[in-house]
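Written below as C-alpha cells is the structure these notes are about.
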Amino acid sequence: QVHLVEFGGGLVQAGGSLRLSCAASGSIFSINVMSWYRQAPGKQRELVAQITSAGSTDYADSVKGRFRISRDNIKTTVYLQMNSLKPEDTAVYYCNQLQLGTNYWGQGTQVTVSS
C-alpha cells in the first residue's frame, strides 16, 4: 500500500525559506513521477513542481526561480526547497505520486507566509 507523509510546513515571514519533505513507502519509488501541489483557501489545487524518474523537472510559472524540487531514490523521499517566499504562497502543500497511472496523495502540510 502506497503511503506518503509530508514534513516541513510552518509559518515563515515573507522572503524566508522552508524545505518540505515527502517520505514515500509501499511503492516503486524510483520509477514514479513525484509532484508537489498546493491548495489555497477558496482556490483549486494547482501543480507547483514535478520531477520525473530521470530527474527532469517542471515548475509553475509562479514559483520558477524560487522553488526547487529534488528527489532521493535511496531514501524514497522528494523535497521542495522554497525560497523568497511570498504571502501568496500560503496554502496546504500536498505530495503526489503517479505510479502506473494511479495518483496517490499525502495528507498535506500547511505553509503560511506572513507579510
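By order in the C-alpha cells, chains are A, B, ...; within a chain, residues start at 1; ligands start at 1, following the order shown.
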
May I have all residues of chain A that DSSP, computed from the backbone, assigns to strand (DSSP E), given as a compact mmCIF listing (two decimals) with all heavy atoms, in the first residue's frame?
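Result went into result02.txt, see below:
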```
# COMPACT_ATOMS: atom_id res chain seq x y z
N HIS A 3 2.06 4.91 0.69
CA HIS A 3 1.85 5.85 1.79
C HIS A 3 2.81 7.01 1.63
O HIS A 3 4.01 6.80 1.45
CB HIS A 3 2.09 5.13 3.11
CG HIS A 3 1.62 5.90 4.31
ND1 HIS A 3 0.35 6.42 4.42
CD2 HIS A 3 2.26 6.23 5.45
CE1 HIS A 3 0.24 7.03 5.58
NE2 HIS A 3 1.37 6.94 6.22
N LEU A 4 2.26 8.23 1.67
CA LEU A 4 3.06 9.44 1.53
C LEU A 4 2.87 10.30 2.77
O LEU A 4 1.73 10.56 3.17
CB LEU A 4 2.64 10.24 0.29
CG LEU A 4 2.68 9.51 -1.04
CD1 LEU A 4 2.08 10.39 -2.14
CD2 LEU A 4 4.09 9.12 -1.40
N VAL A 5 3.96 10.77 3.35
CA VAL A 5 3.90 11.62 4.54
C VAL A 5 4.75 12.85 4.31
O VAL A 5 5.94 12.74 4.01
CB VAL A 5 4.38 10.87 5.79
CG1 VAL A 5 4.29 11.79 7.01
CG2 VAL A 5 3.56 9.61 6.01
N GLU A 6 4.12 14.02 4.44
CA GLU A 6 4.83 15.29 4.25
C GLU A 6 5.33 15.82 5.58
O GLU A 6 4.68 15.66 6.62
CB GLU A 6 3.92 16.34 3.60
CG GLU A 6 3.42 15.98 2.21
CD GLU A 6 1.98 15.51 2.23
OE1 GLU A 6 1.54 15.02 3.28
OE2 GLU A 6 1.30 15.64 1.19
N PHE A 7 6.46 16.53 5.52
CA PHE A 7 7.03 17.18 6.68
C PHE A 7 7.52 18.57 6.26
O PHE A 7 7.82 18.80 5.08
CB PHE A 7 8.23 16.39 7.22
CG PHE A 7 7.92 15.00 7.63
CD1 PHE A 7 8.09 13.97 6.72
CD2 PHE A 7 7.47 14.71 8.90
CE1 PHE A 7 7.81 12.65 7.08
CE2 PHE A 7 7.18 13.41 9.27
CZ PHE A 7 7.35 12.38 8.36
N GLY A 10 5.02 25.15 7.93
CA GLY A 10 5.07 26.03 9.08
C GLY A 10 4.79 27.46 8.72
O GLY A 10 4.30 27.75 7.62
N LEU A 11 5.10 28.34 9.65
CA LEU A 11 4.89 29.77 9.49
C LEU A 11 6.23 30.45 9.25
O LEU A 11 7.19 30.21 9.99
CB LEU A 11 4.22 30.34 10.74
CG LEU A 11 4.06 31.86 10.82
CD1 LEU A 11 3.11 32.35 9.72
CD2 LEU A 11 3.55 32.26 12.20
N VAL A 12 6.29 31.27 8.22
CA VAL A 12 7.53 31.97 7.88
C VAL A 12 7.19 33.37 7.40
O VAL A 12 6.10 33.60 6.85
CB VAL A 12 8.31 31.17 6.82
CG1 VAL A 12 7.55 31.10 5.51
CG2 VAL A 12 9.70 31.73 6.61
N GLN A 13 8.11 34.28 7.60
CA GLN A 13 7.90 35.65 7.10
C GLN A 13 8.21 35.72 5.61
O GLN A 13 9.00 34.91 5.08
CB GLN A 13 8.80 36.62 7.86
CG GLN A 13 8.37 36.86 9.30
CD GLN A 13 9.15 37.99 9.95
OE1 GLN A 13 10.29 38.23 9.62
NE2 GLN A 13 8.52 38.67 10.89
N LEU A 18 11.59 27.66 3.38
CA LEU A 18 11.16 26.43 4.01
C LEU A 18 11.54 25.27 3.11
O LEU A 18 11.61 25.43 1.88
CB LEU A 18 9.64 26.40 4.23
CG LEU A 18 9.05 27.16 5.40
CD1 LEU A 18 7.52 27.08 5.34
CD2 LEU A 18 9.54 26.63 6.73
N ARG A 19 11.74 24.13 3.71
CA ARG A 19 12.01 22.93 2.94
C ARG A 19 10.99 21.87 3.32
O ARG A 19 10.92 21.46 4.48
CB ARG A 19 13.42 22.41 3.20
CG ARG A 19 13.83 21.24 2.29
CD ARG A 19 15.05 20.56 2.84
NE ARG A 19 15.70 19.71 1.86
CZ ARG A 19 16.51 18.69 2.20
NH1 ARG A 19 16.73 18.44 3.47
NH2 ARG A 19 17.08 17.96 1.26
N LEU A 20 10.22 21.44 2.34
CA LEU A 20 9.26 20.37 2.55
C LEU A 20 9.87 19.03 2.15
O LEU A 20 10.65 18.96 1.20
CB LEU A 20 7.99 20.60 1.74
CG LEU A 20 7.28 21.94 1.93
CD1 LEU A 20 6.01 21.98 1.07
CD2 LEU A 20 6.97 22.19 3.38
N SER A 21 9.49 18.01 2.88
CA SER A 21 9.92 16.65 2.55
C SER A 21 8.69 15.76 2.44
O SER A 21 7.70 15.98 3.13
CB SER A 21 10.84 16.09 3.65
OG SER A 21 11.98 16.89 3.84
N CYS A 22 8.79 14.76 1.60
CA CYS A 22 7.71 13.79 1.46
C CYS A 22 8.34 12.40 1.41
O CYS A 22 9.05 12.07 0.46
CB CYS A 22 6.90 14.05 0.20
SG CYS A 22 5.70 12.76 -0.19
N ALA A 23 8.07 11.63 2.43
CA ALA A 23 8.60 10.27 2.51
C ALA A 23 7.57 9.30 1.95
O ALA A 23 6.41 9.30 2.37
CB ALA A 23 8.93 9.92 3.95
N ALA A 24 8.01 8.48 1.00
CA ALA A 24 7.12 7.52 0.34
C ALA A 24 7.45 6.10 0.77
O ALA A 24 8.62 5.76 0.96
CB ALA A 24 7.23 7.66 -1.17
N SER A 25 6.43 5.29 0.89
CA SER A 25 6.63 3.88 1.19
C SER A 25 5.60 3.06 0.43
O SER A 25 4.57 3.59 0.00
CB SER A 25 6.51 3.62 2.70
OG SER A 25 5.23 3.97 3.16
N VAL A 33 6.75 9.37 -11.13
CA VAL A 33 6.77 10.83 -11.19
C VAL A 33 6.29 11.36 -9.84
O VAL A 33 5.24 10.94 -9.35
CB VAL A 33 5.86 11.36 -12.32
CG1 VAL A 33 5.85 12.88 -12.32
CG2 VAL A 33 6.32 10.83 -13.67
N MET A 34 7.06 12.25 -9.25
CA MET A 34 6.71 12.83 -7.97
C MET A 34 6.42 14.32 -8.16
O MET A 34 7.12 15.00 -8.92
CB MET A 34 7.85 12.66 -6.97
CG MET A 34 8.23 11.22 -6.68
SD MET A 34 6.88 10.27 -5.94
CE MET A 34 6.58 11.19 -4.43
N SER A 35 5.41 14.80 -7.46
CA SER A 35 4.99 16.19 -7.63
C SER A 35 4.61 16.80 -6.29
O SER A 35 4.27 16.08 -5.34
CB SER A 35 3.77 16.26 -8.56
OG SER A 35 4.01 15.64 -9.80
N TRP A 36 4.64 18.11 -6.29
CA TRP A 36 4.08 18.89 -5.19
C TRP A 36 2.94 19.74 -5.76
O TRP A 36 3.12 20.39 -6.80
CB TRP A 36 5.12 19.80 -4.57
CG TRP A 36 6.12 19.09 -3.73
CD1 TRP A 36 7.37 18.67 -4.09
CD2 TRP A 36 5.96 18.71 -2.35
NE1 TRP A 36 7.99 18.05 -3.03
CE2 TRP A 36 7.15 18.07 -1.95
CE3 TRP A 36 4.93 18.86 -1.42
CZ2 TRP A 36 7.33 17.56 -0.66
CZ3 TRP A 36 5.11 18.36 -0.15
CH2 TRP A 36 6.29 17.72 0.23
N TYR A 37 1.81 19.69 -5.09
CA TYR A 37 0.67 20.53 -5.42
C TYR A 37 0.40 21.42 -4.20
O TYR A 37 0.88 21.16 -3.09
CB TYR A 37 -0.57 19.68 -5.68
CG TYR A 37 -0.60 18.97 -7.01
CD1 TYR A 37 0.20 17.86 -7.24
CD2 TYR A 37 -1.45 19.41 -8.03
CE1 TYR A 37 0.16 17.20 -8.47
CE2 TYR A 37 -1.49 18.75 -9.26
CZ TYR A 37 -0.69 17.65 -9.46
OH TYR A 37 -0.73 17.00 -10.68
N ARG A 38 -0.41 22.44 -4.41
CA ARG A 38 -0.84 23.27 -3.29
C ARG A 38 -2.28 23.71 -3.52
O ARG A 38 -2.74 23.81 -4.65
CB ARG A 38 0.07 24.47 -3.08
CG ARG A 38 0.03 25.50 -4.18
CD ARG A 38 1.07 26.59 -3.93
NE ARG A 38 1.06 27.63 -4.95
CZ ARG A 38 1.96 28.60 -5.04
NH1 ARG A 38 2.95 28.67 -4.15
NH2 ARG A 38 1.86 29.50 -6.01
N GLN A 39 -2.94 23.98 -2.40
CA GLN A 39 -4.31 24.46 -2.46
C GLN A 39 -4.50 25.54 -1.42
O GLN A 39 -4.36 25.30 -0.22
CB GLN A 39 -5.30 23.32 -2.23
CG GLN A 39 -6.74 23.73 -2.46
CD GLN A 39 -7.68 22.55 -2.55
OE1 GLN A 39 -7.35 21.43 -2.13
NE2 GLN A 39 -8.85 22.75 -3.11
N GLU A 46 -3.39 23.23 -7.33
CA GLU A 46 -2.58 23.51 -8.50
C GLU A 46 -1.22 22.83 -8.38
O GLU A 46 -0.68 22.64 -7.28
CB GLU A 46 -2.36 25.02 -8.68
CG GLU A 46 -1.61 25.69 -7.55
CD GLU A 46 -1.29 27.15 -7.83
OE1 GLU A 46 -1.52 27.63 -8.95
OE2 GLU A 46 -0.78 27.82 -6.91
N LEU A 47 -0.68 22.46 -9.54
CA LEU A 47 0.63 21.86 -9.60
C LEU A 47 1.70 22.91 -9.35
O LEU A 47 1.70 23.97 -9.98
CB LEU A 47 0.85 21.20 -10.96
CG LEU A 47 2.21 20.57 -11.21
CD1 LEU A 47 2.45 19.40 -10.26
CD2 LEU A 47 2.31 20.12 -12.66
N VAL A 48 2.61 22.62 -8.45
CA VAL A 48 3.70 23.53 -8.12
C VAL A 48 4.99 23.11 -8.81
O VAL A 48 5.66 23.90 -9.45
CB VAL A 48 3.92 23.59 -6.59
CG1 VAL A 48 5.13 24.45 -6.26
CG2 VAL A 48 2.67 24.12 -5.90
N ALA A 49 5.33 21.83 -8.66
CA ALA A 49 6.59 21.33 -9.22
C ALA A 49 6.48 19.83 -9.42
O ALA A 49 5.75 19.15 -8.71
CB ALA A 49 7.76 21.65 -8.31
N GLN A 50 7.26 19.33 -10.38
CA GLN A 50 7.21 17.92 -10.72
C GLN A 50 8.61 17.45 -11.09
O GLN A 50 9.39 18.20 -11.67
CB GLN A 50 6.26 17.72 -11.91
CG GLN A 50 5.91 16.31 -12.24
CD GLN A 50 4.80 16.28 -13.27
OE1 GLN A 50 5.04 16.47 -14.47
NE2 GLN A 50 3.57 16.06 -12.82
N ILE A 51 8.89 16.20 -10.74
CA ILE A 51 10.19 15.62 -11.10
C ILE A 51 9.97 14.19 -11.57
O ILE A 51 9.27 13.40 -10.92
CB ILE A 51 11.19 15.70 -9.92
CG1 ILE A 51 12.57 15.20 -10.35
CG2 ILE A 51 10.68 14.96 -8.69
CD1 ILE A 51 13.67 15.56 -9.35
N THR A 57 12.69 18.19 -14.38
CA THR A 57 11.81 18.97 -13.51
C THR A 57 10.97 19.97 -14.30
O THR A 57 11.34 20.37 -15.41
CB THR A 57 12.63 19.74 -12.46
OG1 THR A 57 13.56 20.61 -13.13
CG2 THR A 57 13.39 18.80 -11.56
N ASP A 58 9.86 20.33 -13.69
CA ASP A 58 8.99 21.34 -14.28
C ASP A 58 8.36 22.11 -13.13
O ASP A 58 8.10 21.53 -12.06
CB ASP A 58 7.91 20.69 -15.14
CG ASP A 58 7.21 21.68 -16.03
OD1 ASP A 58 7.78 22.77 -16.27
OD2 ASP A 58 6.10 21.40 -16.50
N TYR A 59 8.11 23.41 -13.36
CA TYR A 59 7.60 24.27 -12.30
C TYR A 59 6.47 25.15 -12.80
O TYR A 59 6.42 25.52 -13.97
CB TYR A 59 8.72 25.18 -11.79
CG TYR A 59 9.88 24.45 -11.17
CD1 TYR A 59 10.97 24.07 -11.94
CD2 TYR A 59 9.88 24.14 -9.81
CE1 TYR A 59 12.04 23.39 -11.37
CE2 TYR A 59 10.95 23.47 -9.23
CZ TYR A 59 12.02 23.09 -10.02
OH TYR A 59 13.07 22.42 -9.45
N PHE A 67 11.58 28.12 -6.19
CA PHE A 67 11.41 26.77 -5.64
C PHE A 67 12.27 25.78 -6.42
O PHE A 67 12.51 25.95 -7.61
CB PHE A 67 9.95 26.32 -5.75
CG PHE A 67 8.99 27.05 -4.85
CD1 PHE A 67 9.34 28.19 -4.15
CD2 PHE A 67 7.70 26.56 -4.69
CE1 PHE A 67 8.45 28.85 -3.33
CE2 PHE A 67 6.78 27.19 -3.87
CZ PHE A 67 7.16 28.35 -3.20
N ARG A 68 12.68 24.73 -5.72
CA ARG A 68 13.44 23.66 -6.37
C ARG A 68 12.99 22.31 -5.85
O ARG A 68 12.99 22.08 -4.63
CB ARG A 68 14.93 23.83 -6.16
CG ARG A 68 15.78 22.82 -6.95
CD ARG A 68 17.25 23.17 -6.86
NE ARG A 68 17.77 22.84 -5.54
CZ ARG A 68 18.27 21.67 -5.19
NH1 ARG A 68 18.28 20.68 -6.07
NH2 ARG A 68 18.76 21.48 -3.99
N ILE A 69 12.62 21.44 -6.76
CA ILE A 69 12.22 20.08 -6.39
C ILE A 69 13.38 19.13 -6.63
O ILE A 69 14.14 19.29 -7.59
CB ILE A 69 10.97 19.64 -7.19
CG1 ILE A 69 10.42 18.31 -6.66
CG2 ILE A 69 11.26 19.55 -8.69
CD1 ILE A 69 9.05 17.93 -7.25
N SER A 70 13.52 18.18 -5.73
CA SER A 70 14.58 17.18 -5.88
C SER A 70 14.09 15.87 -5.28
O SER A 70 13.07 15.84 -4.57
CB SER A 70 15.87 17.64 -5.20
OG SER A 70 15.67 17.84 -3.82
N ARG A 71 14.82 14.81 -5.56
CA ARG A 71 14.41 13.50 -5.04
C ARG A 71 15.63 12.69 -4.66
O ARG A 71 16.71 12.85 -5.24
CB ARG A 71 13.57 12.74 -6.08
CG ARG A 71 14.30 12.38 -7.36
CD ARG A 71 13.33 11.87 -8.41
NE ARG A 71 12.69 10.62 -8.04
CZ ARG A 71 11.57 10.15 -8.59
NH1 ARG A 71 10.95 10.85 -9.53
NH2 ARG A 71 11.07 8.99 -8.20
N ASP A 72 15.43 11.82 -3.71
CA ASP A 72 16.47 10.89 -3.29
C ASP A 72 15.85 9.50 -3.39
O ASP A 72 15.03 9.11 -2.55
CB ASP A 72 16.89 11.20 -1.84
CG ASP A 72 18.05 10.34 -1.37
OD1 ASP A 72 18.16 9.17 -1.83
OD2 ASP A 72 18.83 10.80 -0.54
N THR A 77 12.42 9.71 -0.96
CA THR A 77 11.92 10.99 -0.46
C THR A 77 12.03 12.04 -1.56
O THR A 77 13.01 12.04 -2.32
CB THR A 77 12.72 11.43 0.78
OG1 THR A 77 12.56 10.45 1.81
CG2 THR A 77 12.22 12.78 1.29
N VAL A 78 11.03 12.89 -1.62
CA VAL A 78 11.07 14.02 -2.53
C VAL A 78 11.04 15.30 -1.69
O VAL A 78 10.40 15.34 -0.63
CB VAL A 78 9.91 13.97 -3.54
CG1 VAL A 78 8.55 14.07 -2.84
CG2 VAL A 78 10.05 15.06 -4.59
N TYR A 79 11.74 16.31 -2.15
CA TYR A 79 11.89 17.56 -1.41
C TYR A 79 11.38 18.73 -2.24
O TYR A 79 11.39 18.70 -3.47
CB TYR A 79 13.36 17.79 -1.06
CG TYR A 79 14.01 16.67 -0.32
CD1 TYR A 79 14.75 15.70 -1.00
CD2 TYR A 79 13.89 16.55 1.07
CE1 TYR A 79 15.35 14.64 -0.33
CE2 TYR A 79 14.49 15.50 1.75
CZ TYR A 79 15.22 14.55 1.04
OH TYR A 79 15.82 13.51 1.72
N LEU A 80 10.99 19.77 -1.54
CA LEU A 80 10.67 21.03 -2.19
C LEU A 80 11.33 22.14 -1.38
O LEU A 80 10.90 22.44 -0.26
CB LEU A 80 9.16 21.26 -2.27
CG LEU A 80 8.75 22.51 -3.05
CD1 LEU A 80 9.09 22.36 -4.54
CD2 LEU A 80 7.26 22.80 -2.89
N GLN A 81 12.39 22.70 -1.94
CA GLN A 81 13.06 23.84 -1.32
C GLN A 81 12.37 25.11 -1.79
O GLN A 81 12.30 25.36 -3.01
CB GLN A 81 14.54 23.86 -1.70
CG GLN A 81 15.30 25.04 -1.13
CD GLN A 81 15.39 25.02 0.39
OE1 GLN A 81 15.66 23.98 0.98
NE2 GLN A 81 15.17 26.17 1.02
N MET A 82 11.85 25.88 -0.85
CA MET A 82 11.10 27.09 -1.19
C MET A 82 11.83 28.30 -0.64
O MET A 82 12.00 28.42 0.59
CB MET A 82 9.68 27.01 -0.61
CG MET A 82 8.92 25.75 -1.03
SD MET A 82 7.21 25.76 -0.46
CE MET A 82 7.44 25.64 1.31
N ALA A 91 -0.62 28.16 1.55
CA ALA A 91 -1.50 27.09 1.08
C ALA A 91 -1.20 25.80 1.84
O ALA A 91 -0.20 25.73 2.57
CB ALA A 91 -1.29 26.84 -0.42
N VAL A 92 -2.03 24.82 1.63
CA VAL A 92 -1.70 23.46 2.05
C VAL A 92 -0.96 22.80 0.89
O VAL A 92 -1.46 22.82 -0.25
CB VAL A 92 -2.94 22.64 2.42
CG1 VAL A 92 -2.55 21.21 2.80
CG2 VAL A 92 -3.69 23.31 3.57
N TYR A 93 0.20 22.26 1.18
CA TYR A 93 1.03 21.64 0.15
C TYR A 93 0.89 20.12 0.24
O TYR A 93 1.02 19.54 1.34
CB TYR A 93 2.48 22.06 0.32
CG TYR A 93 2.73 23.46 -0.17
CD1 TYR A 93 2.24 24.57 0.52
CD2 TYR A 93 3.45 23.70 -1.34
CE1 TYR A 93 2.43 25.86 0.06
CE2 TYR A 93 3.67 24.99 -1.81
CZ TYR A 93 3.16 26.06 -1.10
OH TYR A 93 3.36 27.34 -1.57
N TYR A 94 0.66 19.52 -0.91
CA TYR A 94 0.43 18.08 -0.98
C TYR A 94 1.49 17.41 -1.84
O TYR A 94 1.82 17.89 -2.93
CB TYR A 94 -0.93 17.77 -1.59
CG TYR A 94 -2.11 18.26 -0.78
CD1 TYR A 94 -2.66 19.51 -1.01
CD2 TYR A 94 -2.69 17.45 0.20
CE1 TYR A 94 -3.74 19.96 -0.28
CE2 TYR A 94 -3.77 17.90 0.93
CZ TYR A 94 -4.29 19.16 0.69
OH TYR A 94 -5.37 19.59 1.41
N CYS A 95 1.96 16.29 -1.38
CA CYS A 95 2.84 15.44 -2.16
C CYS A 95 1.99 14.50 -3.00
O CYS A 95 0.96 13.99 -2.53
CB CYS A 95 3.72 14.66 -1.19
SG CYS A 95 4.87 13.50 -1.95
N ASN A 96 2.43 14.28 -4.20
CA ASN A 96 1.70 13.39 -5.13
C ASN A 96 2.66 12.43 -5.79
O ASN A 96 3.76 12.80 -6.19
CB ASN A 96 0.98 14.23 -6.18
CG ASN A 96 0.38 13.38 -7.29
OD1 ASN A 96 1.06 13.03 -8.26
ND2 ASN A 96 -0.88 13.05 -7.15
N GLN A 97 2.22 11.20 -5.91
CA GLN A 97 2.99 10.18 -6.62
C GLN A 97 2.12 9.56 -7.69
O GLN A 97 1.01 9.12 -7.40
CB GLN A 97 3.47 9.11 -5.65
CG GLN A 97 4.25 7.98 -6.31
CD GLN A 97 4.83 7.04 -5.26
OE1 GLN A 97 5.99 7.12 -4.91
NE2 GLN A 97 3.99 6.14 -4.79
N LEU A 98 2.62 9.54 -8.90
CA LEU A 98 1.92 8.90 -10.01
C LEU A 98 2.63 7.58 -10.31
O LEU A 98 3.80 7.57 -10.73
CB LEU A 98 1.94 9.78 -11.24
CG LEU A 98 1.29 9.20 -12.51
CD1 LEU A 98 -0.18 8.90 -12.26
CD2 LEU A 98 1.47 10.14 -13.68
N GLN A 99 1.94 6.49 -10.04
CA GLN A 99 2.53 5.17 -10.26
C GLN A 99 1.59 4.35 -11.13
O GLN A 99 0.46 4.09 -10.73
CB GLN A 99 2.77 4.46 -8.92
CG GLN A 99 3.29 3.04 -9.07
CD GLN A 99 3.68 2.42 -7.75
OE1 GLN A 99 4.76 2.69 -7.23
NE2 GLN A 99 2.81 1.60 -7.19
N THR A 102 -1.93 5.59 -11.54
CA THR A 102 -2.72 5.89 -10.34
C THR A 102 -2.05 6.98 -9.53
O THR A 102 -0.84 6.94 -9.32
CB THR A 102 -2.87 4.63 -9.47
OG1 THR A 102 -3.54 3.61 -10.22
CG2 THR A 102 -3.70 4.95 -8.22
N ASN A 103 -2.86 7.96 -9.11
CA ASN A 103 -2.35 9.05 -8.27
C ASN A 103 -2.52 8.73 -6.79
O ASN A 103 -3.58 8.27 -6.36
CB ASN A 103 -3.12 10.34 -8.58
CG ASN A 103 -2.56 11.05 -9.80
OD1 ASN A 103 -1.43 11.49 -9.80
ND2 ASN A 103 -3.37 11.14 -10.84
N TYR A 104 -1.47 9.00 -6.05
CA TYR A 104 -1.51 8.85 -4.59
C TYR A 104 -1.17 10.20 -3.97
O TYR A 104 -0.34 10.95 -4.50
CB TYR A 104 -0.51 7.78 -4.14
CG TYR A 104 -0.80 6.42 -4.69
CD1 TYR A 104 -0.22 6.00 -5.89
CD2 TYR A 104 -1.65 5.54 -4.03
CE1 TYR A 104 -0.48 4.75 -6.41
CE2 TYR A 104 -1.93 4.28 -4.55
CZ TYR A 104 -1.34 3.89 -5.74
OH TYR A 104 -1.61 2.65 -6.26
N TRP A 105 -1.81 10.49 -2.82
CA TRP A 105 -1.65 11.79 -2.18
C TRP A 105 -1.26 11.64 -0.72
O TRP A 105 -1.70 10.70 -0.03
CB TRP A 105 -2.97 12.57 -2.24
CG TRP A 105 -3.42 12.89 -3.62
CD1 TRP A 105 -4.25 12.15 -4.41
CD2 TRP A 105 -3.07 14.04 -4.38
NE1 TRP A 105 -4.42 12.77 -5.63
CE2 TRP A 105 -3.71 13.93 -5.63
CE3 TRP A 105 -2.26 15.15 -4.15
CZ2 TRP A 105 -3.58 14.90 -6.64
CZ3 TRP A 105 -2.14 16.10 -5.13
CH2 TRP A 105 -2.79 15.98 -6.36
N THR A 109 0.55 19.49 4.15
CA THR A 109 1.21 20.24 5.22
C THR A 109 0.98 21.73 4.96
O THR A 109 1.10 22.20 3.83
CB THR A 109 2.72 19.90 5.29
OG1 THR A 109 3.31 20.57 6.41
CG2 THR A 109 3.46 20.30 4.01
N GLN A 110 0.65 22.45 6.01
CA GLN A 110 0.30 23.86 5.88
C GLN A 110 1.56 24.73 5.81
O GLN A 110 2.46 24.58 6.64
CB GLN A 110 -0.55 24.31 7.07
CG GLN A 110 -0.90 25.79 7.08
CD GLN A 110 -1.89 26.17 6.00
OE1 GLN A 110 -2.90 25.49 5.80
NE2 GLN A 110 -1.62 27.27 5.28
N VAL A 111 1.58 25.61 4.84
CA VAL A 111 2.62 26.62 4.72
C VAL A 111 1.93 27.99 4.80
O VAL A 111 1.03 28.27 4.00
CB VAL A 111 3.41 26.49 3.41
CG1 VAL A 111 4.34 27.68 3.22
CG2 VAL A 111 4.19 25.19 3.39
N THR A 112 2.35 28.80 5.75
CA THR A 112 1.79 30.13 5.91
C THR A 112 2.91 31.15 5.85
O THR A 112 3.88 31.05 6.60
CB THR A 112 1.04 30.26 7.24
OG1 THR A 112 0.01 29.27 7.31
CG2 THR A 112 0.41 31.63 7.38
N VAL A 113 2.77 32.11 4.94
CA VAL A 113 3.77 33.16 4.76
C VAL A 113 3.16 34.48 5.19
O VAL A 113 2.17 34.94 4.60
CB VAL A 113 4.25 33.23 3.31
CG1 VAL A 113 5.38 34.26 3.18
CG2 VAL A 113 4.72 31.87 2.82
N SER A 114 3.74 35.07 6.20
CA SER A 114 3.21 36.35 6.70
C SER A 114 3.92 37.52 6.02
O SER A 114 5.09 37.44 5.68
CB SER A 114 3.41 36.43 8.21
OG SER A 114 4.79 36.41 8.53
```

Please identify all polymer residues within 9 Å of Arg66 of chain A, counting only C-alpha atoms, omitting same-chain residues fewer than 3 positions from it, and present them as a CSV table (one decimal) with N, CA, C and O atoms, in the first residue's frame.
```
chain,number,residue,atom,x,y,z
A,62,SER,N,4.6,30.7,-11.4
A,62,SER,CA,4.6,31.5,-10.2
A,62,SER,C,5.8,31.2,-9.2
A,62,SER,O,6.0,32.0,-8.3
A,63,VAL,N,6.4,30.0,-9.4
A,63,VAL,CA,7.4,29.6,-8.4
A,63,VAL,C,8.8,29.4,-9.1
A,63,VAL,O,9.8,29.2,-8.4
A,81,GLN,N,12.4,22.7,-1.9
A,81,GLN,CA,13.1,23.8,-1.3
A,81,GLN,C,12.4,25.1,-1.8
A,81,GLN,O,12.3,25.4,-3.0
A,82,MET,N,11.9,25.9,-0.9
A,82,MET,CA,11.1,27.1,-1.2
A,82,MET,C,11.8,28.3,-0.6
A,82,MET,O,12.0,28.4,0.6
A,83,ASN,N,12.3,29.2,-1.5
A,83,ASN,CA,13.0,30.4,-1.2
A,83,ASN,C,12.2,31.6,-1.6
A,83,ASN,O,11.3,31.5,-2.4
A,84,SER,N,12.6,32.7,-1.0
A,84,SER,CA,11.9,34.0,-1.3
A,84,SER,C,10.4,33.9,-1.3
A,84,SER,O,9.7,34.3,-2.2
A,85,LEU,N,9.9,33.3,-0.2
A,85,LEU,CA,8.5,33.0,-0.1
A,85,LEU,C,7.7,34.3,0.0
A,85,LEU,O,8.1,35.3,0.5
```

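Atom pair atom CA of Ala40 of chain A / atom CA of Ser17 of chain A has a distance of 18.3 Å (rounded to one decimal).
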
State, in Å with one decimal place, the distance from atom CA of Gly15 of chain A to atom CA of Thr90 of chain A.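 Distance between the two atoms: 12.6 Å.
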
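The space between atom CA of Gly65 of chain A and atom CA of Ile28 of chain A spans 29.7 Å.
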